[in-house]
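Chemist: Just dropping this structure here.
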Amino acid sequence: MDFNINNFAESFIYGMKYFPNTLRLVFIPLSVGLILGTVAALIRVYKVPVLSKILAFVITVYQGVPIIVALMIYNLIFMMKYNDLAAFLHLKGTIADVDQIWIGIFALSLTAICSVSEAIRGALLSIDKGQDEAGYSVGLTKIQTIYRIILPQMIPVAIPMLTNHVIGLIKASSVVMAIGIIEIVAGATIPSSRTYSFFEGYVAAALIYWIFTVMIEYLAKILKKHTGRFRRNLYD
């Protein structure tokens, strides 16, 4: 099997053309996951009545559902119910006017919330309970103790786990091509339908993903390196 460098270069260019879609599919769910996942982790670690048990059950169940299955379910619900919901809410436009990428973002956001929540919860549980008592002993409230003592110590522990989840989210973003969203993989193989050079197309997509993940790991190392400075700023 000959490797055609020209076809590879064309596939690489097409894959990079749709790289912004992958960025949206990764960083919007990641932002949602960091916010809501941290809240969910805190609720579970500090055992908020009722909510902690509900979240534990929901997260456990949802993590058992493959992302592709969840994505297809959400897509079917969207196609069947969006027009009725839009009419009920008096929204302009129909299902044809909505960018399907938001279905992928929604599905990946729920996955990110669950995975980030578990990473943050594990990091929080690694902090000695005496740190809470130390905060209370100097007159800090529970929220102040979490913000000024617990979170600064939790961040360095959570970074490696969160980095793995971000990389997993990058790879999971490729499944949205199943509902017609064009991202790196779908974009890189567009020329392949004309040249039949699918091998070159997939290699180009793999290279883009590899470069992306290397950049994420590098940024994570920089973030961890400067965590000490971040902690000092919180205490100032």
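Following the order of the structure tokens, chains are lettered A, B, ..., residues in each are numbered from 1, and ligands are numbered from 1.
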Could you give me, as a PyMOL selection string, each residue of region 44-221 of chain A that DSSP assigns to alpha helix (DSSP H) when run on this structure's backbone?
Modeler: chain A and resi 44-45+51-62+67-88+101-125+130-137+142-145+151-172+184-188+192-195+198-221
Chemist: May I have the residues within 10 Å of Gln63 (chain A) as number ranges by chain, using only C-alpha atoms and disregarding those fewer than 2 positions away in the same chain?
Modeler: A: 58-61, 65-67, 110-111, 114-115
Chemist: With all heavy atoms retained, could you export that selection as a PDB file, in the first residue's frame?
Modeler:
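The new file part04.pdb reads:
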ATOM      1  N   VAL A  58     -27.240   9.238  40.123  1.00  0.00           N
ATOM      2  CA  VAL A  58     -27.294   9.703  38.738  1.00  0.00           C
ATOM      3  C   VAL A  58     -25.940   9.544  38.061  1.00  0.00           C
ATOM      4  O   VAL A  58     -25.846   9.062  36.914  1.00  0.00           O
ATOM      5  CB  VAL A  58     -27.751  11.172  38.676  1.00  0.00           C
ATOM      6  CG1 VAL A  58     -27.583  11.735  37.262  1.00  0.00           C
ATOM      7  CG2 VAL A  58     -29.201  11.295  39.119  1.00  0.00           C
ATOM      8  N   ILE A  59     -24.857   9.948  38.731  1.00  0.00           N
ATOM      9  CA  ILE A  59     -23.516   9.871  38.139  1.00  0.00           C
ATOM     10  C   ILE A  59     -23.113   8.423  37.892  1.00  0.00           C
ATOM     11  O   ILE A  59     -22.555   8.090  36.844  1.00  0.00           O
ATOM     12  CB  ILE A  59     -22.488  10.578  39.047  1.00  0.00           C
ATOM     13  CG1 ILE A  59     -22.734  12.092  39.004  1.00  0.00           C
ATOM     14  CG2 ILE A  59     -21.054  10.264  38.600  1.00  0.00           C
ATOM     15  CD1 ILE A  59     -21.899  12.885  39.992  1.00  0.00           C
ATOM     16  N   THR A  60     -23.414   7.545  38.849  1.00  0.00           N
ATOM     17  CA  THR A  60     -23.080   6.134  38.691  1.00  0.00           C
ATOM     18  C   THR A  60     -23.807   5.523  37.494  1.00  0.00           C
ATOM     19  O   THR A  60     -23.217   4.801  36.688  1.00  0.00           O
ATOM     20  CB  THR A  60     -23.429   5.351  39.971  1.00  0.00           C
ATOM     21  OG1 THR A  60     -22.685   5.879  41.072  1.00  0.00           O
ATOM     22  CG2 THR A  60     -23.091   3.873  39.807  1.00  0.00           C
ATOM     23  N   VAL A  61     -25.096   5.830  37.374  1.00  0.00           N
ATOM     24  CA  VAL A  61     -25.895   5.292  36.270  1.00  0.00           C
ATOM     25  C   VAL A  61     -25.427   5.863  34.937  1.00  0.00           C
ATOM     26  O   VAL A  61     -25.233   5.133  33.963  1.00  0.00           O
ATOM     27  CB  VAL A  61     -27.394   5.592  36.486  1.00  0.00           C
ATOM     28  CG1 VAL A  61     -28.197   5.239  35.238  1.00  0.00           C
ATOM     29  CG2 VAL A  61     -27.922   4.815  37.682  1.00  0.00           C
ATOM     30  N   VAL A  65     -23.483   4.470  30.689  1.00  0.00           N
ATOM     31  CA  VAL A  65     -24.072   4.604  29.360  1.00  0.00           C
ATOM     32  C   VAL A  65     -22.987   5.062  28.376  1.00  0.00           C
ATOM     33  O   VAL A  65     -22.384   6.111  28.572  1.00  0.00           O
ATOM     34  CB  VAL A  65     -25.219   5.630  29.366  1.00  0.00           C
ATOM     35  CG1 VAL A  65     -25.819   5.765  27.966  1.00  0.00           C
ATOM     36  CG2 VAL A  65     -26.288   5.235  30.374  1.00  0.00           C
ATOM     37  N   PRO A  66     -22.718   4.299  27.313  1.00  0.00           N
ATOM     38  CA  PRO A  66     -21.730   4.726  26.317  1.00  0.00           C
ATOM     39  C   PRO A  66     -22.113   6.069  25.703  1.00  0.00           C
ATOM     40  O   PRO A  66     -23.298   6.332  25.455  1.00  0.00           O
ATOM     41  CB  PRO A  66     -21.771   3.603  25.268  1.00  0.00           C
ATOM     42  CG  PRO A  66     -22.314   2.418  26.004  1.00  0.00           C
ATOM     43  CD  PRO A  66     -23.289   2.975  27.005  1.00  0.00           C
ATOM     44  N   ILE A  67     -21.134   6.914  25.448  1.00  0.00           N
ATOM     45  CA  ILE A  67     -21.394   8.246  24.922  1.00  0.00           C
ATOM     46  C   ILE A  67     -22.120   8.189  23.589  1.00  0.00           C
ATOM     47  O   ILE A  67     -23.001   9.013  23.310  1.00  0.00           O
ATOM     48  CB  ILE A  67     -20.074   9.037  24.785  1.00  0.00           C
ATOM     49  CG1 ILE A  67     -20.331  10.432  24.209  1.00  0.00           C
ATOM     50  CG2 ILE A  67     -19.071   8.296  23.915  1.00  0.00           C
ATOM     51  CD1 ILE A  67     -21.182  11.325  25.053  1.00  0.00           C
ATOM     52  N   LEU A 110     -22.663  16.521  29.617  1.00  0.00           N
ATOM     53  CA  LEU A 110     -23.117  15.614  30.674  1.00  0.00           C
ATOM     54  C   LEU A 110     -22.035  14.610  31.029  1.00  0.00           C
ATOM     55  O   LEU A 110     -21.828  14.280  32.205  1.00  0.00           O
ATOM     56  CB  LEU A 110     -24.399  14.893  30.224  1.00  0.00           C
ATOM     57  CG  LEU A 110     -25.641  15.773  30.066  1.00  0.00           C
ATOM     58  CD1 LEU A 110     -26.842  14.928  29.648  1.00  0.00           C
ATOM     59  CD2 LEU A 110     -25.960  16.513  31.368  1.00  0.00           C
ATOM     60  N   THR A 111     -21.335  14.122  30.006  1.00  0.00           N
ATOM     61  CA  THR A 111     -20.226  13.202  30.261  1.00  0.00           C
ATOM     62  C   THR A 111     -19.127  13.895  31.055  1.00  0.00           C
ATOM     63  O   THR A 111     -18.553  13.327  31.996  1.00  0.00           O
ATOM     64  CB  THR A 111     -19.649  12.678  28.936  1.00  0.00           C
ATOM     65  OG1 THR A 111     -20.668  11.957  28.235  1.00  0.00           O
ATOM     66  CG2 THR A 111     -18.460  11.762  29.166  1.00  0.00           C
ATOM     67  N   CYS A 114     -19.930  14.342  34.819  1.00  0.00           N
ATOM     68  CA  CYS A 114     -19.744  13.109  35.593  1.00  0.00           C
ATOM     69  C   CYS A 114     -18.267  12.800  35.809  1.00  0.00           C
ATOM     70  O   CYS A 114     -17.848  12.496  36.932  1.00  0.00           O
ATOM     71  CB  CYS A 114     -20.419  11.937  34.877  1.00  0.00           C
ATOM     72  SG  CYS A 114     -22.220  12.057  34.798  1.00  0.00           S
ATOM     73  N   SER A 115     -17.461  12.882  34.750  1.00  0.00           N
ATOM     74  CA  SER A 115     -16.046  12.522  34.870  1.00  0.00           C
ATOM     75  C   SER A 115     -15.275  13.534  35.715  1.00  0.00           C
ATOM     76  O   SER A 115     -14.458  13.158  36.559  1.00  0.00           O
ATOM     77  CB  SER A 115     -15.421  12.395  33.487  1.00  0.00           C
ATOM     78  OG  SER A 115     -15.515  13.606  32.762  1.00  0.00           O
TER      79      SER A 115
END
Chemist: Would you mind reading off the distance between CA of Ala119 (chain A) and CA of Pro20 (chain A), one decimal, in Å?
Modeler: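 These atoms are spaced 26.6 Å apart.
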Chemist: If you measure from CA of Leu36 (chain A) to CA of Ile77 (chain A), what distance in Å do you get, rounded to one decimal?
Modeler: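 Computed distance, CA of Leu36 (chain A) to CA of Ile77 (chain A), equals 23.5 Å.
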Chemist: Quick one: residues within 9 Å of Thr163 (chain A), only C-alpha atoms, excluding same-chain residues fewer than 5 positions away - as a VMD selection string?
Modeler: chain A and resid 158 168 216 to 217 220
Chemist: What's the 8 Å shell around Thr145 (chain A), counting only C-alpha atoms, without same-chain residues fewer than 6 positions away, as an NGL selection string?
Modeler: :A and (132 or 135-136)
Chemist: For Phe106 (chain A), which of A:Ile149, A:Met72, A:Ile167, A:Ala41 is the closest residue, counting only C-alpha atoms?
Modeler: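 Checking each candidate against Phe106 (chain A), we get A:Met72 as the closest.
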Chemist: What lies within 12 Å of region 2-11 of chain A using only C-alpha atoms, ignoring chain neighbours under 6 positions off, as a tab-separated table (two decimals) with C-alpha atoms, in the first residue's frame?
Modeler:
chain	number	residue	atom	x	y	z
A	17	LYS	CA	-10.34	23.44	8.70
A	18	TYR	CA	-12.84	21.81	11.05
A	184	ILE	CA	-11.47	16.57	12.71
A	185	VAL	CA	-12.07	12.97	11.61
A	186	ALA	CA	-15.01	13.73	9.32
A	187	GLY	CA	-13.17	16.74	7.91
A	188	ALA	CA	-9.91	14.86	7.27
A	189	THR	CA	-11.74	12.12	5.35
A	190	ILE	CA	-13.68	14.49	3.08
A	191	PRO	CA	-11.00	14.34	0.36
A	192	SER	CA	-10.84	10.55	0.80
A	193	SER	CA	-14.30	10.15	-0.71
A	194	ARG	CA	-12.89	11.62	-3.90
A	195	THR	CA	-9.37	10.15	-3.91
A	196	TYR	CA	-10.18	6.90	-2.03
A	197	SER	CA	-7.14	7.63	0.16
A	198	PHE	CA	-8.85	6.80	3.45
A	199	PHE	CA	-5.62	5.60	5.04
A	200	GLU	CA	-4.01	9.00	4.50
A	201	GLY	CA	-7.17	10.67	5.81
A	202	TYR	CA	-7.21	8.75	9.07
A	203	VAL	CA	-3.47	9.20	9.57
A	204	ALA	CA	-3.92	12.96	9.10
A	205	ALA	CA	-6.73	12.98	11.68
A	206	ALA	CA	-4.59	10.94	14.10
A	207	LEU	CA	-1.72	13.42	13.72
A	208	ILE	CA	-3.99	16.38	14.48
Chemist: Would you pick out the contacts of Ile181 (chain A) at 12 Å or less, using only C-alpha atoms, so that residues sharing its chain but fewer than 5 positions from it are not included, and give the list as a list in words?
Modeler: Tyr18, Asn21, Thr22, Arg24, Leu25, Leu71, Asn75, Asp99, Gln100, Ile101, Trp102, Ile103, Gly104, Ile105, Ser173, Ser174, Val175, Val176, Ala186 and Gly187 of chain A
Chemist: Taking all heavy atoms for each residue, export the selection above as a compact mmCIF listing (two decimals), in the first residue's frame.
Modeler:
# COMPACT_ATOMS: atom_id res chain seq x y z
N TYR A 18 -11.73 22.06 10.12
CA TYR A 18 -12.84 21.81 11.05
C TYR A 18 -12.36 21.67 12.50
O TYR A 18 -13.13 21.27 13.37
CB TYR A 18 -13.62 20.56 10.63
CG TYR A 18 -14.34 20.76 9.31
CD1 TYR A 18 -13.79 20.34 8.11
CD2 TYR A 18 -15.57 21.42 9.27
CE1 TYR A 18 -14.43 20.55 6.90
CE2 TYR A 18 -16.22 21.63 8.06
CZ TYR A 18 -15.65 21.19 6.89
OH TYR A 18 -16.30 21.41 5.69
N ASN A 21 -14.45 23.32 15.28
CA ASN A 21 -15.61 22.56 15.77
C ASN A 21 -15.21 21.65 16.91
O ASN A 21 -15.94 21.52 17.90
CB ASN A 21 -16.23 21.74 14.63
CG ASN A 21 -17.11 22.58 13.72
OD1 ASN A 21 -17.38 23.74 14.01
ND2 ASN A 21 -17.56 22.00 12.63
N THR A 22 -14.05 21.01 16.77
CA THR A 22 -13.57 20.13 17.84
C THR A 22 -13.26 20.94 19.09
O THR A 22 -13.53 20.49 20.21
CB THR A 22 -12.33 19.35 17.38
OG1 THR A 22 -12.70 18.49 16.29
CG2 THR A 22 -11.77 18.50 18.51
N ARG A 24 -14.78 23.61 20.09
CA ARG A 24 -16.07 23.88 20.74
C ARG A 24 -16.60 22.63 21.45
O ARG A 24 -17.15 22.72 22.55
CB ARG A 24 -17.09 24.35 19.70
CG ARG A 24 -16.80 25.71 19.10
CD ARG A 24 -17.67 25.98 17.88
NE ARG A 24 -19.08 26.10 18.24
CZ ARG A 24 -20.05 26.13 17.34
NH1 ARG A 24 -19.77 26.05 16.04
NH2 ARG A 24 -21.31 26.24 17.72
N LEU A 25 -16.42 21.48 20.81
CA LEU A 25 -16.90 20.22 21.38
C LEU A 25 -16.11 19.79 22.61
O LEU A 25 -16.57 18.95 23.38
CB LEU A 25 -16.85 19.12 20.33
CG LEU A 25 -17.89 19.21 19.21
CD1 LEU A 25 -17.49 18.33 18.03
CD2 LEU A 25 -19.26 18.82 19.72
N LEU A 71 -25.63 9.98 22.86
CA LEU A 71 -25.69 10.94 21.76
C LEU A 71 -26.83 10.63 20.80
O LEU A 71 -27.57 11.54 20.39
CB LEU A 71 -24.35 10.93 21.00
CG LEU A 71 -24.23 11.87 19.80
CD1 LEU A 71 -24.27 13.33 20.27
CD2 LEU A 71 -22.95 11.60 19.03
N ASN A 75 -30.15 12.94 20.10
CA ASN A 75 -30.40 13.38 18.73
C ASN A 75 -31.82 13.01 18.29
O ASN A 75 -32.51 13.81 17.65
CB ASN A 75 -29.38 12.74 17.79
CG ASN A 75 -29.47 13.30 16.38
OD1 ASN A 75 -29.45 14.51 16.18
ND2 ASN A 75 -29.57 12.42 15.40
N ASP A 99 -28.07 24.48 14.77
CA ASP A 99 -26.81 23.79 14.49
C ASP A 99 -26.74 22.53 15.35
O ASP A 99 -26.81 22.60 16.59
CB ASP A 99 -25.63 24.71 14.82
CG ASP A 99 -24.31 24.15 14.32
OD1 ASP A 99 -24.25 22.95 14.02
OD2 ASP A 99 -23.34 24.93 14.25
N GLN A 100 -26.60 21.37 14.70
CA GLN A 100 -26.59 20.11 15.43
C GLN A 100 -25.40 19.95 16.36
O GLN A 100 -25.40 19.06 17.23
CB GLN A 100 -26.61 18.92 14.45
CG GLN A 100 -27.99 18.56 13.95
CD GLN A 100 -27.99 17.22 13.25
OE1 GLN A 100 -27.27 17.04 12.28
NE2 GLN A 100 -28.79 16.29 13.72
N ILE A 101 -24.41 20.80 16.21
CA ILE A 101 -23.24 20.69 17.09
C ILE A 101 -23.63 20.85 18.55
O ILE A 101 -22.97 20.32 19.45
CB ILE A 101 -22.16 21.71 16.70
CG1 ILE A 101 -20.80 21.32 17.34
CG2 ILE A 101 -22.56 23.13 17.11
CD1 ILE A 101 -19.64 22.14 16.86
N TRP A 102 -24.75 21.57 18.78
CA TRP A 102 -25.17 21.77 20.17
C TRP A 102 -25.69 20.50 20.80
O TRP A 102 -25.67 20.35 22.03
CB TRP A 102 -26.22 22.89 20.23
CG TRP A 102 -25.62 24.22 19.93
CD1 TRP A 102 -25.74 24.94 18.78
CD2 TRP A 102 -24.74 24.97 20.77
NE1 TRP A 102 -25.01 26.10 18.85
CE2 TRP A 102 -24.38 26.14 20.07
CE3 TRP A 102 -24.22 24.76 22.05
CZ2 TRP A 102 -23.52 27.10 20.62
CZ3 TRP A 102 -23.37 25.72 22.59
CH2 TRP A 102 -23.03 26.87 21.87
N ILE A 103 -26.16 19.56 19.98
CA ILE A 103 -26.54 18.25 20.52
C ILE A 103 -25.29 17.53 21.03
O ILE A 103 -25.28 16.94 22.11
CB ILE A 103 -27.25 17.40 19.46
CG1 ILE A 103 -28.46 18.14 18.90
CG2 ILE A 103 -27.67 16.04 20.03
CD1 ILE A 103 -29.11 17.44 17.73
N GLY A 104 -24.24 17.58 20.21
CA GLY A 104 -22.97 16.98 20.63
C GLY A 104 -22.40 17.64 21.86
O GLY A 104 -21.91 16.97 22.77
N ILE A 105 -22.49 18.97 21.92
CA ILE A 105 -21.99 19.70 23.09
C ILE A 105 -22.78 19.31 24.33
O ILE A 105 -22.21 19.13 25.41
CB ILE A 105 -22.07 21.22 22.83
CG1 ILE A 105 -21.01 21.63 21.81
CG2 ILE A 105 -21.91 22.01 24.13
CD1 ILE A 105 -21.11 23.07 21.36
N SER A 173 -14.91 13.40 21.38
CA SER A 173 -15.55 14.37 20.49
C SER A 173 -15.73 13.84 19.07
O SER A 173 -16.58 14.33 18.32
CB SER A 173 -14.75 15.67 20.45
OG SER A 173 -13.48 15.48 19.84
N SER A 174 -14.94 12.83 18.71
CA SER A 174 -15.03 12.30 17.34
C SER A 174 -16.32 11.53 17.09
O SER A 174 -16.71 11.34 15.93
CB SER A 174 -13.84 11.38 17.05
OG SER A 174 -13.84 10.25 17.90
N VAL A 175 -17.03 11.11 18.16
CA VAL A 175 -18.24 10.31 17.96
C VAL A 175 -19.37 11.13 17.39
O VAL A 175 -20.35 10.57 16.87
CB VAL A 175 -18.70 9.63 19.28
CG1 VAL A 175 -17.60 8.78 19.87
CG2 VAL A 175 -19.18 10.66 20.30
N VAL A 176 -19.27 12.47 17.46
CA VAL A 176 -20.38 13.30 16.97
C VAL A 176 -20.55 13.20 15.46
O VAL A 176 -21.59 13.61 14.93
CB VAL A 176 -20.20 14.77 17.38
CG1 VAL A 176 -20.15 14.91 18.89
CG2 VAL A 176 -18.96 15.37 16.74
N ALA A 186 -14.14 13.58 10.49
CA ALA A 186 -15.01 13.73 9.32
C ALA A 186 -14.40 14.69 8.31
O ALA A 186 -14.47 14.47 7.10
CB ALA A 186 -16.39 14.21 9.76
N GLY A 187 -13.78 15.77 8.82
CA GLY A 187 -13.17 16.74 7.91
C GLY A 187 -11.98 16.17 7.16
O GLY A 187 -11.83 16.37 5.95
Chemist: For the contact check between region 75-194 of chain A and region 45-57 of chain A, emit one row per residue of region 75-194 of chain A within 12 Å, containing the shortest atom pair and the distance in Å rounded to one decimal, counting only C-alpha atoms, chain then rising number order, as JSON lines.
Modeler:
{"residue": "A:Ile113", "atom": "CA", "partner": "A:Leu55", "partner_atom": "CA", "distance": 10.9}
{"residue": "A:Cys114", "atom": "CA", "partner": "A:Leu55", "partner_atom": "CA", "distance": 9.4}
{"residue": "A:Ser117", "atom": "CA", "partner": "A:Leu55", "partner_atom": "CA", "distance": 9.9}
{"residue": "A:Glu118", "atom": "CA", "partner": "A:Ala56", "partner_atom": "CA", "distance": 9.8}
{"residue": "A:Ala119", "atom": "CA", "partner": "A:Val45", "partner_atom": "CA", "distance": 12.0}
{"residue": "A:Ile120", "atom": "CA", "partner": "A:Val45", "partner_atom": "CA", "distance": 9.7}
{"residue": "A:Arg121", "atom": "CA", "partner": "A:Val45", "partner_atom": "CA", "distance": 6.5}
{"residue": "A:Gly122", "atom": "CA", "partner": "A:Val45", "partner_atom": "CA", "distance": 9.1}
{"residue": "A:Ala123", "atom": "CA", "partner": "A:Val45", "partner_atom": "CA", "distance": 10.3}
{"residue": "A:Leu124", "atom": "CA", "partner": "A:Val45", "partner_atom": "CA", "distance": 7.3}
{"residue": "A:Leu125", "atom": "CA", "partner": "A:Val45", "partner_atom": "CA", "distance": 7.2}
{"residue": "A:Ser126", "atom": "CA", "partner": "A:Val45", "partner_atom": "CA", "distance": 10.9}
{"residue": "A:Ile127", "atom": "CA", "partner": "A:Val45", "partner_atom": "CA", "distance": 11.0}
{"residue": "A:Lys129", "atom": "CA", "partner": "A:Tyr46", "partner_atom": "CA", "distance": 10.9}
{"residue": "A:Asp132", "atom": "CA", "partner": "A:Tyr46", "partner_atom": "CA", "distance": 10.8}
{"residue": "A:Lys142", "atom": "CA", "partner": "A:Tyr46", "partner_atom": "CA", "distance": 10.0}
{"residue": "A:Ile143", "atom": "CA", "partner": "A:Tyr46", "partner_atom": "CA", "distance": 11.2}
{"residue": "A:Ile146", "atom": "CA", "partner": "A:Tyr46", "partner_atom": "CA", "distance": 10.4}
{"residue": "A:Ile150", "atom": "CA", "partner": "A:Val45", "partner_atom": "CA", "distance": 11.8}
Chemist: Name the closest residue to Ile182 (chain A) among the candidates A:Met16, A:Ile43, A:Leu89, A:Ile159; distances are taken between atoms, counting only C-alpha atoms.
Modeler: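 Ranked by minimum distance to Ile182 (chain A), first place goes to A:Met16.
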Chemist: Just checking: using only C-alpha atoms, which residue out of A:Val166, A:Ile13, A:Met215, A:Leu76 ends up closest to Pro29 (chain A)?
Modeler: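 Counting only C-alpha atoms, the residue closest to Pro29 (chain A) is A:Val166.
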Chemist: Under the rule that only C-alpha atoms are counted, which of A:Ile179, A:Met161, A:Leu85, A:Ile170 is the nearest residue to Leu108 (chain A)?
Modeler: A:Ile170
